[in-house]
Amino acid sequence: MTTTPPGTTFRRITVSPAARDLMPGVEVLTLAADITAGTASLAASTERLWSEAHAVWHRASRSEVRNAPHTAAYRDLSRMLGAHPDKQPPSVQALVDRGLRGKPLGAWPRINPAVDAVNAVAVSSLVALGVFDRDKLDGDVRLELTVGDEEFTALGADGPVPLEAGRPVLADDGRVLSLFAHRDGVHQAVTAETRRVLLLACSVPGVDADTCRDALVAAQRLLTGQE
């Protein structure tokens with residue numbers, strides 16, 4: 001287990017009763033971080049983690065990835081939400097498949113230094129992680145179900161789309177931030193200019209809160225230059 005630095009404050013986001021009924025045992029833990037690591041050192045630490053994960057997964061079979069305990073737990077979440085976990089794979093499975101399994105060294109996805117670092121921790125720990133620009137959030141983040149009058153603009157989308165009622169989402173006081181366990185929105189996206197972030201980890205049956213805290217601390221340490 002990672003040693004948690006003194007003063008580290010983890011938070012559990014509020015889960016609405018309806019969302020809790022739909023996804024029993026699911027919670028999201030958060031940890032704030034400031035990006036203070038130097039660009040070169042952050043890139044080097046990130047590449048090291050990806051390389052270590054590549055050594056583990058590049059020769060793995062499809063079934064080995066899907067049957068890894070954490071991946072299997074997140075695949076169960078996909079099924080809980082009515083999605084086929086191969087058509088809509090959990091984020092950790094998608095990262096391993098896209099960047100590591102059967103891929104040459106260095107073929108992993110690169111977005112920007114902070115996102116790349118968080119993804120590196122995700123593939124190292126197989127904990128589903130997210131990262132939001134903290135300065136773009138309006139109030140606290142919540143996990144809830146849509147009521148049917150919301151819109152959502154996904155990363156890479158041309159514009160907003162209406163959401164039907166009953167979809168699990170992460171939202172703040174101003175908008176839907178992400179389709180939970182599926183797709184993030186554009187509003188809070190981390191860019192090269194972002195300096196303050198909110199790290200998120202998804203705990204499900206089979207991936208406990210302590211494991212999520214370890215992954216959050218690892219990501220925080222990477223972003224702050226402590227790794």
# chains A, B, ... in the order shown; residues from 1 in each chain; ligands from 1

$ closest_atom_pairs --of "region 13-95 of chain A" --to "region 143-165 of chain A" --cutoff "12 Å" --atoms "only C-alpha atoms" --output "Markdown table"
| residue | atom | partner | partner_atom | distance |
| --- | --- | --- | --- | --- |
| A:Ile13 | CA | A:Leu143 | CA | 6.9 |
| A:Thr14 | CA | A:Leu143 | CA | 6.2 |
| A:Val15 | CA | A:Leu143 | CA | 4.8 |
| A:Ser16 | CA | A:Glu144 | CA | 5.1 |
| A:Pro17 | CA | A:Glu144 | CA | 8.0 |
| A:Ala18 | CA | A:Leu145 | CA | 6.8 |
| A:Ala19 | CA | A:Glu144 | CA | 5.2 |
| A:Arg20 | CA | A:Glu144 | CA | 8.3 |
| A:Asp21 | CA | A:Leu145 | CA | 10.5 |
| A:Leu22 | CA | A:Leu145 | CA | 9.1 |
| A:Met23 | CA | A:Glu144 | CA | 10.5 |
| A:Val26 | CA | A:Leu143 | CA | 9.9 |
| A:Glu27 | CA | A:Leu143 | CA | 8.4 |
| A:Val28 | CA | A:Leu143 | CA | 8.1 |
| A:Leu29 | CA | A:Leu143 | CA | 11.0 |
| A:Leu81 | CA | A:Leu145 | CA | 11.7 |

$ select_by_dssp --residues "region 15-122 of chain A" --states "helix (DSSP H, G or I)" --output "ChimeraX atom specification"
/A:17-22,39-57,62-67,69-80,91-99,113-122

$ closest_residue --among "A:Arg134, A:His182, A:His54, A:Lys103" --to "Gln88 (chain A)" --atoms "only C-alpha atoms"
A:His182

$ residues_around --residues "Ala68 (chain A)" --least-positions-apart "5" --cutoff "12 Å" --atoms "only C-alpha atoms" --output "MDAnalysis selection string"
chainID A and resid 56:57 60:63 73:75 92:93 96 123 125:127 206:207

$ write_last_selection --atoms "C-alpha atoms" --output "PDB file, in the first residue's frame"
ATOM      1  CA  VAL A  56       3.380  -6.687 -18.242  1.00  0.00           C
ATOM      2  CA  TRP A  57       0.714  -6.483 -20.935  1.00  0.00           C
ATOM      3  CA  ALA A  60      -1.014 -10.744 -22.892  1.00  0.00           C
ATOM      4  CA  SER A  61      -3.959 -12.416 -24.558  1.00  0.00           C
ATOM      5  CA  ARG A  62      -7.327 -10.779 -24.950  1.00  0.00           C
ATOM      6  CA  SER A  63      -8.781 -13.010 -22.248  1.00  0.00           C
ATOM      7  CA  ALA A  73     -14.756  -5.850 -11.813  1.00  0.00           C
ATOM      8  CA  TYR A  74     -15.160  -2.841 -14.108  1.00  0.00           C
ATOM      9  CA  ARG A  75     -16.622  -5.069 -16.839  1.00  0.00           C
ATOM     10  CA  VAL A  92      -8.585   0.520 -18.022  1.00  0.00           C
ATOM     11  CA  GLN A  93      -9.300  -2.249 -20.534  1.00  0.00           C
ATOM     12  CA  VAL A  96      -4.364  -1.601 -22.206  1.00  0.00           C
ATOM     13  CA  VAL A 123      -2.658   1.168 -16.541  1.00  0.00           C
ATOM     14  CA  SER A 125      -2.819   0.010 -11.106  1.00  0.00           C
ATOM     15  CA  LEU A 126      -5.784  -1.011 -13.280  1.00  0.00           C
ATOM     16  CA  VAL A 127      -7.843   1.493 -11.315  1.00  0.00           C
ATOM     17  CA  GLY A 206     -13.672  -5.949  -6.442  1.00  0.00           C
ATOM     18  CA  VAL A 207     -11.730  -2.660  -6.456  1.00  0.00           C
TER      19      VAL A 207
END

$ atom_distance --atom1 "CA of Phe10 (chain A)" --atom2 "CA of Ala181 (chain A)"
20.1 Å

$ atom_distance --atom1 "CA of Val131 (chain A)" --atom2 "CA of Thr4 (chain A)"
19.2 Å

$ closest_residue --among "A:Ala201, A:Gln188, A:Pro113, A:Asn67" --to "Ser41 (chain A)" --atoms "only C-alpha atoms"
A:Pro113

$ closest_residue --among "A:Met80, A:Gly166, A:Ala43, A:Thr30" --to "Ile111 (chain A)" --atoms "only C-alpha atoms"
A:Ala43

$ atom_distance --atom1 "CA of Leu223 (chain A)" --atom2 "CA of Val118 (chain A)"
8.3 Å

$ residues_around --residues "Val217 (chain A)" --least-positions-apart "3" --cutoff "10 Å" --atoms "only C-alpha atoms" --output "PyMOL selection string"
chain A and resi 2-5+8+10+31-33+121+199+212-214+220-223

$ decode --residues "region 83-149 of chain A" --atoms "C-alpha atoms" --output "JSON list (two decimals), in the first residue's frame"
[["chain", "number", "residue", "atom", "x", "y", "z"],
["A", 83, "ALA", "CA", -23.61, -1.97, -21.70],
["A", 84, "HIS", "CA", -21.69, -4.78, -23.38],
["A", 85, "PRO", "CA", -18.14, -4.54, -21.92],
["A", 86, "ASP", "CA", -16.55, -5.39, -25.27],
["A", 87, "LYS", "CA", -18.54, -2.81, -27.22],
["A", 88, "GLN", "CA", -18.20, -0.21, -24.45],
["A", 89, "PRO", "CA", -15.08, -1.39, -22.58],
["A", 90, "PRO", "CA", -14.03, -0.05, -19.20],
["A", 91, "SER", "CA", -11.40, 2.67, -19.42],
["A", 92, "VAL", "CA", -8.58, 0.52, -18.02],
["A", 93, "GLN", "CA", -9.30, -2.25, -20.53],
["A", 94, "ALA", "CA", -9.41, 0.28, -23.37],
["A", 95, "LEU", "CA", -6.06, 1.79, -22.35],
["A", 96, "VAL", "CA", -4.36, -1.60, -22.21],
["A", 97, "ASP", "CA", -5.85, -2.68, -25.53],
["A", 98, "ARG", "CA", -5.10, 0.59, -27.32],
["A", 99, "GLY", "CA", -1.63, 1.21, -26.01],
["A", 100, "LEU", "CA", -0.06, -1.98, -24.68],
["A", 101, "ARG", "CA", -1.46, -5.37, -25.70],
["A", 102, "GLY", "CA", 0.20, -6.45, -28.91],
["A", 103, "LYS", "CA", 1.62, -2.97, -29.42],
["A", 104, "PRO", "CA", 5.26, -1.90, -29.82],
["A", 105, "LEU", "CA", 6.96, -0.02, -27.03],
["A", 106, "GLY", "CA", 5.90, 3.62, -27.07],
["A", 107, "ALA", "CA", 2.62, 3.15, -28.94],
["A", 108, "TRP", "CA", 0.45, 4.30, -26.02],
["A", 109, "PRO", "CA", -1.89, 7.27, -26.49],
["A", 110, "ARG", "CA", -0.55, 10.76, -25.79],
["A", 111, "ILE", "CA", -2.91, 13.65, -25.08],
["A", 112, "ASN", "CA", -1.11, 16.13, -22.85],
["A", 113, "PRO", "CA", 1.36, 15.71, -19.96],
["A", 114, "ALA", "CA", -1.18, 15.65, -17.11],
["A", 115, "VAL", "CA", -3.66, 13.32, -18.79],
["A", 116, "ASP", "CA", -0.85, 11.05, -19.97],
["A", 117, "ALA", "CA", 0.45, 10.82, -16.40],
["A", 118, "VAL", "CA", -2.95, 9.91, -14.96],
["A", 119, "ASN", "CA", -3.45, 7.31, -17.69],
["A", 120, "ALA", "CA", -0.05, 5.85, -16.86],
["A", 121, "VAL", "CA", -1.11, 5.36, -13.24],
["A", 122, "ALA", "CA", -4.37, 3.84, -14.42],
["A", 123, "VAL", "CA", -2.66, 1.17, -16.54],
["A", 124, "SER", "CA", -0.15, 0.50, -13.75],
["A", 125, "SER", "CA", -2.82, 0.01, -11.11],
["A", 126, "LEU", "CA", -5.78, -1.01, -13.28],
["A", 127, "VAL", "CA", -7.84, 1.49, -11.31],
["A", 128, "ALA", "CA", -10.27, 3.58, -13.36],
["A", 129, "LEU", "CA", -9.09, 7.17, -12.96],
["A", 130, "GLY", "CA", -10.32, 10.50, -14.23],
["A", 131, "VAL", "CA", -8.94, 14.01, -14.10],
["A", 132, "PHE", "CA", -10.87, 17.31, -14.29],
["A", 133, "ASP", "CA", -9.65, 20.88, -14.49],
["A", 134, "ARG", "CA", -10.52, 22.06, -10.98],
["A", 135, "ASP", "CA", -10.88, 25.70, -12.00],
["A", 136, "LYS", "CA", -13.64, 24.85, -14.48],
["A", 137, "LEU", "CA", -15.88, 23.13, -11.95],
["A", 138, "ASP", "CA", -18.98, 24.84, -10.57],
["A", 139, "GLY", "CA", -19.52, 23.50, -7.05],
["A", 140, "ASP", "CA", -19.12, 19.93, -5.91],
["A", 141, "VAL", "CA", -19.14, 16.95, -8.27],
["A", 142, "ARG", "CA", -22.00, 14.50, -7.78],
["A", 143, "LEU", "CA", -22.93, 11.08, -9.16],
["A", 144, "GLU", "CA", -26.61, 11.09, -10.08],
["A", 145, "LEU", "CA", -29.15, 10.07, -12.70],
["A", 146, "THR", "CA", -30.36, 12.48, -15.33],
["A", 147, "VAL", "CA", -33.94, 13.75, -15.17],
["A", 148, "GLY", "CA", -34.26, 14.18, -18.93],
["A", 149, "ASP", "CA", -33.78, 17.92, -19.45]]
